[in-house]
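Structure file entry_38.cif; described as mmCIF, C-alpha atoms (C1' of nucleotides); chains and numbers go by the auth columns.
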```cif
data_data
loop_
_atom_site.group_PDB
_atom_site.id
_atom_site.type_symbol
_atom_site.label_atom_id
_atom_site.label_comp_id
_atom_site.label_asym_id
_atom_site.label_seq_id
_atom_site.Cartn_x
_atom_site.Cartn_y
_atom_site.Cartn_z
_atom_site.B_iso_or_equiv
_atom_site.auth_seq_id
_atom_site.auth_asym_id
ATOM 1 C CA MET A 1 76.106 74.717 85.253 0.00 289 A
ATOM 2 C CA LEU A 2 75.017 78.291 85.547 0.00 290 A
ATOM 3 C CA ALA A 3 74.030 78.780 81.938 0.00 291 A
ATOM 4 C CA ALA A 4 70.330 79.091 81.253 0.00 292 A
ATOM 5 C CA GLY A 5 68.056 80.499 78.622 0.00 293 A
ATOM 6 C CA PRO A 6 66.594 83.982 78.379 0.00 294 A
ATOM 7 C CA MET A 7 66.149 85.500 81.820 0.00 295 A
ATOM 8 C CA SER A 8 64.897 88.633 83.464 0.00 296 A
ATOM 9 C CA VAL A 9 67.217 90.908 85.411 0.00 297 A
ATOM 10 C CA GLY A 10 65.699 89.890 88.722 0.00 298 A
ATOM 11 C CA ASP A 11 65.996 86.193 87.942 0.00 299 A
ATOM 12 C CA LEU A 12 69.643 86.643 87.045 0.00 300 A
ATOM 13 C CA ALA A 13 70.366 88.582 90.218 0.00 301 A
ATOM 14 C CA ALA A 14 68.711 85.843 92.242 0.00 302 A
ATOM 15 C CA GLN A 15 71.172 83.292 90.814 0.00 303 A
ATOM 16 C CA LEU A 16 74.208 85.487 91.305 0.00 304 A
ATOM 17 C CA PRO A 17 76.174 86.719 94.324 0.00 305 A
ATOM 18 C CA VAL A 18 75.553 90.356 93.412 0.00 306 A
ATOM 19 C CA THR A 19 72.659 92.762 93.650 0.00 307 A
ATOM 20 C CA ARG A 20 70.174 93.545 90.925 0.00 308 A
ATOM 21 C CA PRO A 21 71.647 96.932 89.993 0.00 309 A
ATOM 22 C CA ALA A 22 75.035 95.308 89.485 0.00 310 A
ATOM 23 C CA VAL A 23 73.470 92.827 87.094 0.00 311 A
ATOM 24 C CA SER A 24 71.692 95.652 85.315 0.00 312 A
ATOM 25 C CA GLN A 25 74.970 97.499 84.854 0.00 313 A
ATOM 26 C CA HIS A 26 76.706 94.436 83.496 0.00 314 A
ATOM 27 C CA LEU A 27 73.878 93.812 81.083 0.00 315 A
ATOM 28 C CA LYS A 28 74.151 97.377 79.849 0.00 316 A
ATOM 29 C CA VAL A 29 77.801 96.850 79.017 0.00 317 A
ATOM 30 C CA LEU A 30 77.090 93.539 77.322 0.00 318 A
ATOM 31 C CA LYS A 31 74.261 95.089 75.357 0.00 319 A
ATOM 32 C CA ASP A 32 76.440 98.004 74.227 0.00 320 A
ATOM 33 C CA ALA A 33 79.002 95.424 73.162 0.00 321 A
ATOM 34 C CA GLY A 34 76.357 93.594 71.126 0.00 322 A
ATOM 35 C CA LEU A 35 76.686 90.404 73.130 0.00 323 A
ATOM 36 C CA VAL A 36 73.146 90.347 74.494 0.00 324 A
ATOM 37 C CA SER A 37 69.796 91.678 73.341 0.00 325 A
ATOM 38 C CA GLU A 38 66.757 92.526 75.396 0.00 326 A
ATOM 39 C CA ASP A 39 63.101 92.527 74.704 0.00 327 A
ATOM 40 C CA ALA A 40 60.459 93.852 77.026 0.00 328 A
ATOM 41 C CA VAL A 41 57.729 91.575 78.304 0.00 329 A
ATOM 42 C CA GLY A 42 55.376 93.590 80.454 0.00 330 A
ATOM 43 C CA THR A 43 57.481 95.257 83.082 0.00 331 A
ATOM 44 C CA ARG A 44 60.163 92.632 82.740 0.00 332 A
ATOM 45 C CA ARG A 45 63.195 92.929 80.491 0.00 333 A
ATOM 46 C CA VAL A 46 64.169 89.565 79.157 0.00 334 A
ATOM 47 C CA TYR A 47 67.788 89.291 78.078 0.00 335 A
ATOM 48 C CA ARG A 48 69.197 86.659 75.777 0.00 336 A
ATOM 49 C CA LEU A 49 72.601 86.074 74.249 0.00 337 A
ATOM 50 C CA ASP A 50 73.130 87.566 70.812 0.00 338 A
ATOM 51 C CA SER A 51 74.589 84.668 68.876 0.00 339 A
ATOM 52 C CA ALA A 52 75.945 86.874 66.089 0.00 340 A
ATOM 53 C CA GLY A 53 77.737 89.124 68.571 0.00 341 A
ATOM 54 C CA VAL A 54 79.208 86.222 70.470 0.00 342 A
ATOM 55 C CA ALA A 55 80.354 84.577 67.250 0.00 343 A
ATOM 56 C CA ALA A 56 81.960 87.834 66.144 0.00 344 A
ATOM 57 C CA LEU A 57 83.837 88.091 69.420 0.00 345 A
ATOM 58 C CA ARG A 58 85.035 84.546 69.097 0.00 346 A
ATOM 59 C CA GLU A 59 86.252 85.258 65.599 0.00 347 A
ATOM 60 C CA GLN A 60 88.126 88.368 66.698 0.00 348 A
ATOM 61 C CA LEU A 61 89.846 86.331 69.360 0.00 349 A
ATOM 62 C CA ASP A 62 90.725 83.634 66.863 0.00 350 A
ATOM 63 C CA ASP A 63 92.222 86.239 64.568 0.00 351 A
ATOM 64 C CA PHE A 64 94.207 87.685 67.420 0.00 352 A
ATOM 65 C CA TRP A 65 95.652 84.326 68.366 0.00 353 A
ATOM 66 C CA ASN A 66 96.429 83.375 64.799 0.00 354 A
ATOM 67 C CA GLN A 67 98.328 86.592 64.312 0.00 355 A
ATOM 68 C CA ALA A 68 100.063 86.297 67.680 0.00 356 A
ATOM 69 C CA LEU A 69 101.137 82.707 67.157 0.00 357 A
ATOM 70 C CA GLY A 70 102.079 83.472 63.584 0.00 358 A
ATOM 71 C CA GLY A 71 104.541 86.213 64.418 0.00 359 A
ATOM 72 C CA PHE A 72 105.588 84.027 67.283 0.00 360 A
ATOM 73 C CA GLN A 73 107.069 81.383 64.981 0.00 361 A
ATOM 74 C CA SER A 74 109.296 83.821 63.158 0.00 362 A
ATOM 75 C CA VAL A 75 110.628 85.092 66.437 0.00 363 A
ATOM 76 C CA VAL A 76 111.069 81.948 68.484 0.00 364 A
ATOM 77 C CA GLU A 77 112.087 79.321 66.003 0.00 365 A
ATOM 78 C CA ARG A 78 115.788 78.772 65.582 0.00 366 A
ATOM 79 C CA PRO A 79 116.502 78.869 61.865 0.00 367 A
ATOM 80 C CA ARG A 80 119.402 76.567 61.012 0.00 368 A
ATOM 81 C CA ARG A 81 120.709 78.939 58.411 0.00 369 A
ATOM 82 C CA GLY A 82 119.726 82.528 57.623 0.00 370 A
ATOM 83 C CA LYS A 83 117.111 84.562 59.445 0.00 371 A
ATOM 84 C CA LYS A 84 113.516 85.841 59.061 0.00 372 A
ATOM 85 C CA MET B 1 105.600 95.724 66.183 0.00 185 B
ATOM 86 C CA LEU B 2 106.690 95.308 69.744 0.00 186 B
ATOM 87 C CA ALA B 3 107.358 91.593 69.591 0.00 187 B
ATOM 88 C CA ALA B 4 110.962 90.518 69.658 0.00 188 B
ATOM 89 C CA GLY B 5 113.016 87.499 70.523 0.00 189 B
ATOM 90 C CA PRO B 6 114.440 86.457 73.876 0.00 190 B
ATOM 91 C CA MET B 7 115.197 89.496 76.003 0.00 191 B
ATOM 92 C CA SER B 8 116.591 90.424 79.361 0.00 192 B
ATOM 93 C CA VAL B 9 114.458 92.125 81.988 0.00 193 B
ATOM 94 C CA GLY B 10 116.249 95.415 81.563 0.00 194 B
ATOM 95 C CA ASP B 11 115.900 95.350 77.794 0.00 195 B
ATOM 96 C CA LEU B 12 112.190 94.718 78.112 0.00 196 B
ATOM 97 C CA ALA B 13 111.749 97.520 80.617 0.00 197 B
ATOM 98 C CA ALA B 14 113.588 99.862 78.261 0.00 198 B
ATOM 99 C CA GLN B 15 111.026 99.169 75.530 0.00 199 B
ATOM 100 C CA LEU B 16 108.041 99.505 77.815 0.00 200 B
ATOM 101 C CA PRO B 17 106.366 102.424 79.589 0.00 201 B
ATOM 102 C CA VAL B 18 106.877 100.798 82.997 0.00 202 B
ATOM 103 C CA THR B 19 109.750 100.345 85.368 0.00 203 B
ATOM 104 C CA ARG B 20 111.983 97.308 85.628 0.00 204 B
ATOM 105 C CA PRO B 21 110.389 95.900 88.799 0.00 205 B
ATOM 106 C CA ALA B 22 106.994 95.982 87.114 0.00 206 B
ATOM 107 C CA VAL B 23 108.383 93.938 84.252 0.00 207 B
ATOM 108 C CA SER B 24 109.963 91.542 86.689 0.00 208 B
ATOM 109 C CA GLN B 25 106.657 91.041 88.444 0.00 209 B
ATOM 110 C CA HIS B 26 104.815 90.391 85.204 0.00 210 B
ATOM 111 C CA LEU B 27 107.446 87.901 84.131 0.00 211 B
ATOM 112 C CA LYS B 28 107.058 86.079 87.423 0.00 212 B
ATOM 113 C CA VAL B 29 103.351 85.653 86.804 0.00 213 B
ATOM 114 C CA LEU B 30 103.927 84.532 83.229 0.00 214 B
ATOM 115 C CA LYS B 31 106.584 82.087 84.352 0.00 215 B
ATOM 116 C CA ASP B 32 104.313 80.631 87.045 0.00 216 B
ATOM 117 C CA ALA B 33 101.673 80.273 84.365 0.00 217 B
ATOM 118 C CA GLY B 34 104.153 78.421 82.145 0.00 218 B
ATOM 119 C CA LEU B 35 103.955 80.996 79.374 0.00 219 B
ATOM 120 C CA VAL B 36 107.594 82.042 79.489 0.00 220 B
ATOM 121 C CA SER B 37 110.834 80.399 80.536 0.00 221 B
ATOM 122 C CA GLU B 38 114.028 81.991 81.704 0.00 222 B
ATOM 123 C CA ASP B 39 117.617 81.005 81.536 0.00 223 B
ATOM 124 C CA ALA B 40 120.452 82.790 83.217 0.00 224 B
ATOM 125 C CA VAL B 41 123.296 84.246 81.200 0.00 225 B
ATOM 126 C CA GLY B 42 125.800 85.742 83.550 0.00 226 B
ATOM 127 C CA THR B 43 123.962 88.216 85.693 0.00 227 B
ATOM 128 C CA ARG B 44 121.241 88.562 83.080 0.00 228 B
ATOM 129 C CA ARG B 45 118.037 86.604 83.000 0.00 229 B
ATOM 130 C CA VAL B 46 116.934 85.992 79.458 0.00 230 B
ATOM 131 C CA TYR B 47 113.230 85.314 79.044 0.00 231 B
ATOM 132 C CA ARG B 48 111.617 83.688 76.051 0.00 232 B
ATOM 133 C CA LEU B 49 108.075 82.591 75.253 0.00 233 B
ATOM 134 C CA ASP B 50 107.278 78.979 76.057 0.00 234 B
ATOM 135 C CA SER B 51 105.625 77.805 72.873 0.00 235 B
ATOM 136 C CA ALA B 52 104.089 74.752 74.549 0.00 236 B
ATOM 137 C CA GLY B 53 102.542 76.859 77.274 0.00 237 B
ATOM 138 C CA VAL B 54 101.162 79.381 74.850 0.00 238 B
ATOM 139 C CA ALA B 55 99.740 76.632 72.668 0.00 239 B
ATOM 140 C CA ALA B 56 98.136 75.035 75.728 0.00 240 B
ATOM 141 C CA LEU B 57 96.511 78.309 76.685 0.00 241 B
ATOM 142 C CA ARG B 58 95.196 78.758 73.194 0.00 242 B
ATOM 143 C CA GLU B 59 93.756 75.265 73.283 0.00 243 B
ATOM 144 C CA GLN B 60 92.073 75.846 76.623 0.00 244 B
ATOM 145 C CA LEU B 61 90.468 78.959 75.221 0.00 245 B
ATOM 146 C CA ASP B 62 89.319 77.081 72.159 0.00 246 B
ATOM 147 C CA ASP B 63 87.789 74.395 74.349 0.00 247 B
ATOM 148 C CA PHE B 64 86.074 77.009 76.443 0.00 248 B
ATOM 149 C CA TRP B 65 84.540 78.699 73.446 0.00 249 B
ATOM 150 C CA ASN B 66 83.493 75.448 71.848 0.00 250 B
ATOM 151 C CA GLN B 67 81.763 74.382 75.000 0.00 251 B
ATOM 152 C CA ALA B 68 80.234 77.809 75.557 0.00 252 B
ATOM 153 C CA LEU B 69 78.953 78.111 72.001 0.00 253 B
ATOM 154 C CA GLY B 70 77.874 74.489 72.069 0.00 254 B
ATOM 155 C CA GLY B 71 75.678 74.774 75.136 0.00 255 B
ATOM 156 C CA PHE B 72 74.667 78.065 73.693 0.00 256 B
ATOM 157 C CA GLN B 73 72.877 76.440 70.779 0.00 257 B
ATOM 158 C CA SER B 74 70.750 74.212 72.976 0.00 258 B
ATOM 159 C CA VAL B 75 69.734 77.197 75.038 0.00 259 B
ATOM 160 C CA VAL B 76 69.217 79.866 72.424 0.00 260 B
ATOM 161 C CA GLU B 77 67.840 78.028 69.437 0.00 261 B
ATOM 162 C CA ARG B 78 64.101 77.868 69.177 0.00 262 B
ATOM 163 C CA PRO B 79 63.202 74.252 68.545 0.00 263 B
ATOM 164 C CA ARG B 80 60.150 74.017 66.337 0.00 264 B
ATOM 165 C CA ARG B 81 58.900 70.953 68.161 0.00 265 B
ATOM 166 C CA GLY B 82 60.256 69.299 71.302 0.00 266 B
ATOM 167 C CA LYS B 83 63.329 70.405 73.206 0.00 267 B
ATOM 168 C CA LYS B 84 67.027 69.606 73.722 0.00 268 B
ATOM 169 C "C1'" DC C 1 138.448 92.153 97.637 0.00 101 C
ATOM 170 C "C1'" DG C 2 135.703 95.954 95.817 0.00 102 C
ATOM 171 C "C1'" DC C 3 132.839 97.854 92.458 0.00 103 C
ATOM 172 C "C1'" DA C 4 129.372 97.639 88.773 0.00 104 C
ATOM 173 C "C1'" DA C 5 125.643 95.431 86.422 0.00 105 C
ATOM 174 C "C1'" DC C 6 121.520 93.059 86.748 0.00 106 C
ATOM 175 C "C1'" DG C 7 117.333 91.670 88.613 0.00 107 C
ATOM 176 C "C1'" DG C 8 114.144 89.736 92.336 0.00 108 C
ATOM 177 C "C1'" DT C 9 111.352 91.205 96.571 0.00 109 C
ATOM 178 C "C1'" DT C 10 108.852 94.164 99.762 0.00 110 C
ATOM 179 C "C1'" DA C 11 106.001 97.826 101.135 0.00 111 C
ATOM 180 C "C1'" DG C 12 103.246 101.242 100.068 0.00 112 C
ATOM 181 C "C1'" DT C 13 100.515 104.304 96.576 0.00 113 C
ATOM 182 C "C1'" DC C 14 97.161 105.026 93.026 0.00 114 C
ATOM 183 C "C1'" DA C 15 93.669 104.288 89.580 0.00 115 C
ATOM 184 C "C1'" DT C 16 89.689 102.189 88.659 0.00 116 C
ATOM 185 C "C1'" DA C 17 86.467 98.149 87.985 0.00 117 C
ATOM 186 C "C1'" DA C 18 82.928 96.464 90.542 0.00 118 C
ATOM 187 C "C1'" DC C 19 79.743 96.803 93.835 0.00 119 C
ATOM 188 C "C1'" DT C 20 75.806 98.763 97.070 0.00 120 C
ATOM 189 C "C1'" DT C 21 72.213 101.977 98.560 0.00 121 C
ATOM 190 C "C1'" DA C 22 68.871 105.086 97.393 0.00 122 C
ATOM 191 C "C1'" DC C 23 65.929 106.922 94.147 0.00 123 C
ATOM 192 C "C1'" DC C 24 62.932 107.449 90.095 0.00 124 C
ATOM 193 C "C1'" DG C 25 60.237 105.986 85.895 0.00 125 C
ATOM 194 C "C1'" DT C 26 57.259 102.722 83.596 0.00 126 C
ATOM 195 C "C1'" DT C 27 53.924 99.006 83.199 0.00 127 C
ATOM 196 C "C1'" DA C 28 50.057 95.969 84.883 0.00 128 C
ATOM 197 C "C1'" DG C 29 46.575 94.650 87.786 0.00 129 C
ATOM 198 C "C1'" DT C 30 42.494 95.829 90.949 0.00 130 C
ATOM 199 C "C1'" DA D 1 43.745 106.229 90.345 0.00 144 D
ATOM 200 C "C1'" DC D 2 46.316 103.648 93.517 0.00 145 D
ATOM 201 C "C1'" DT D 3 49.525 100.070 94.344 0.00 146 D
ATOM 202 C "C1'" DA D 4 52.903 96.519 93.348 0.00 147 D
ATOM 203 C "C1'" DA D 5 56.383 94.642 90.477 0.00 148 D
ATOM 204 C "C1'" DC D 6 60.253 95.411 87.848 0.00 149 D
ATOM 205 C "C1'" DG D 7 64.321 97.520 86.421 0.00 150 D
ATOM 206 C "C1'" DG D 8 67.337 101.534 84.963 0.00 151 D
ATOM 207 C "C1'" DT D 9 70.313 105.471 86.861 0.00 152 D
ATOM 208 C "C1'" DA D 10 73.194 108.248 90.067 0.00 153 D
ATOM 209 C "C1'" DA D 11 76.300 108.755 93.692 0.00 154 D
ATOM 210 C "C1'" DG D 12 79.313 107.067 96.733 0.00 155 D
ATOM 211 C "C1'" DT D 13 82.202 103.097 98.677 0.00 156 D
ATOM 212 C "C1'" DT D 14 85.292 99.286 98.399 0.00 157 D
ATOM 213 C "C1'" DA D 15 88.409 95.938 96.658 0.00 158 D
ATOM 214 C "C1'" DT D 16 92.214 95.145 93.921 0.00 159 D
ATOM 215 C "C1'" DG D 17 95.424 95.067 89.881 0.00 160 D
ATOM 216 C "C1'" DA D 18 99.204 97.613 88.526 0.00 161 D
ATOM 217 C "C1'" DC D 19 102.626 100.502 89.451 0.00 162 D
ATOM 218 C "C1'" DT D 20 106.930 102.937 91.813 0.00 163 D
ATOM 219 C "C1'" DA D 21 110.654 103.535 95.219 0.00 164 D
ATOM 220 C "C1'" DA D 22 113.765 101.464 98.089 0.00 165 D
ATOM 221 C "C1'" DC D 23 116.309 97.645 99.318 0.00 166 D
ATOM 222 C "C1'" DC D 24 118.984 93.302 99.016 0.00 167 D
ATOM 223 C "C1'" DG D 25 121.319 89.279 96.835 0.00 168 D
ATOM 224 C "C1'" DT D 26 124.083 87.341 93.163 0.00 169 D
ATOM 225 C "C1'" DT D 27 127.344 87.328 89.390 0.00 170 D
ATOM 226 C "C1'" DG D 28 131.245 89.105 86.705 0.00 171 D
ATOM 227 C "C1'" DC D 29 135.245 91.711 86.285 0.00 172 D
ATOM 228 C "C1'" DG D 30 139.518 94.680 87.397 0.00 173 D
#
```

Represent the structure from my file as structure tokens, please.
Amino acid sequence: MLAAGPMSVGDLAAQLPVTRPAVSQHLKVLKDAGLVSEDAVGTRRVYRLDSAGVAALREQLDDFWNQALGGFQSVVERPRRGKK
Amino acid sequence: MLAAGPMSVGDLAAQLPVTRPAVSQHLKVLKDAGLVSEDAVGTRRVYRLDSAGVAALREQLDDFWNQALGGFQSVVERPRRGKK
DNA sequence: CGCAACGGTTAGTCATAACTTACCGTTAGT
DNA sequence: ACTAACGGTAAGTTATGACTAACCGTTGCG
């Protein structure tokens, strides 16, 4: 399991096969996407998951799949008589 | 709406902003992944979505998110007293 | 048979996501 | 004030997913 609680950028980089700047860049993207939030502790920036953002993403994906599989039925199923 | 029923490779390519070989390559990947199935009609290969495969993918994603958001709670929530 | 329609495969190109190195700014400790 | 720790930013490199062009095999039809 790689998941852990709130972590600093350096700690994350230490656990990952990439350099610290790479982690920093990823975190920036995730932060802009609302999936993580940071708060400064001294010189360290501690990042944690944003539960609301993650939940929102999950919901968007659910909606996507519901719509996709919904339209899917009307297209794939073989109606015995009449279409649509 | 771009979705349609079973289609030949050429028909698909005609509806898409890519060439026929590109479509063929994508279909190969999707077929290997079990998301589409083909059956030959003359010289044409008619592809259709594999509903079982798509449903399985959806389920895997659901499982992933449930697990991710599950472990998420235990890591993000601030227990008032005692952990886990 | 010979030609046309259809599509899979290969080889090579191109765009770009992802990464590293180098640098700079900020904070904390002495 | 100087130094160390920490991390963001910029610039350049690299790896790779996605595409096209060219080719070949199979099927159907006259």

Using all atoms listed in the file and a cut-off of 9 Å, which residues of chain A sit close to chain D? Please list them as a list in words. Val297, Gly298, Arg308, Pro309, Ser312, Gln313, Thr331, Arg332 and Arg333 of chain A

Assuming the chain letters and numbering stay as they are in my file, what does the PyMOL selection byres ((chain C) within 9 of (chain B)) actually select? List them as an MDAnalysis selection string. chainID C and resid 105:108

Given the selection you just returned, output its residues as a file containing C-alpha atoms (C1' of nucleotides), formatted as a PDB file, in the coordinates of the input.
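Output (out-v2.pdb):
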```
ATOM      1  C1'  DA C 105     125.643  95.431  86.422  1.00  0.00           C
ATOM      2  C1'  DC C 106     121.520  93.059  86.748  1.00  0.00           C
ATOM      3  C1'  DG C 107     117.333  91.670  88.613  1.00  0.00           C
ATOM      4  C1'  DG C 108     114.144  89.736  92.336  1.00  0.00           C
TER       5       DG C 108
END
```

In Å to one decimal, how far is CA of Leu245 in chain B from CA of Gln348 in chain A?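 According to the coordinates, CA of Gln348 in chain A and CA of Leu245 in chain B are separated by 12.9 Å.
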
Around all listed atoms of range 306-319 of chain A, padded 6 Å per side, what centre and edge lengths does the axis-aligned box have in Å to one decimal, as lines of an AutoDock Vina configuration file?
```
center_x = 74.0
center_y = 93.9
center_z = 84.5
size_x = 19.6
size_y = 19.1
size_z = 30.3
```

Can you work out the spacing between CA of Gly341 in chain A and CA of Asp320 in chain A in Å, to one decimal?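 Taking CA of Gly341 in chain A as the start and CA of Asp320 in chain A as the end point, the length is 10.6 Å.
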
Hey, which of B:Val202, B:Leu211, B:Val238, B:Ala217 ends up closest to chain A? Count all atoms listed in the file.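 So, comparing all the options, the nearest one is B:Val238.
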
Just how far from CA of Val225 in chain B is CA of Met191 in chain B, in Å to one decimal?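 Distance reported for this atom pair: 11.0 Å.
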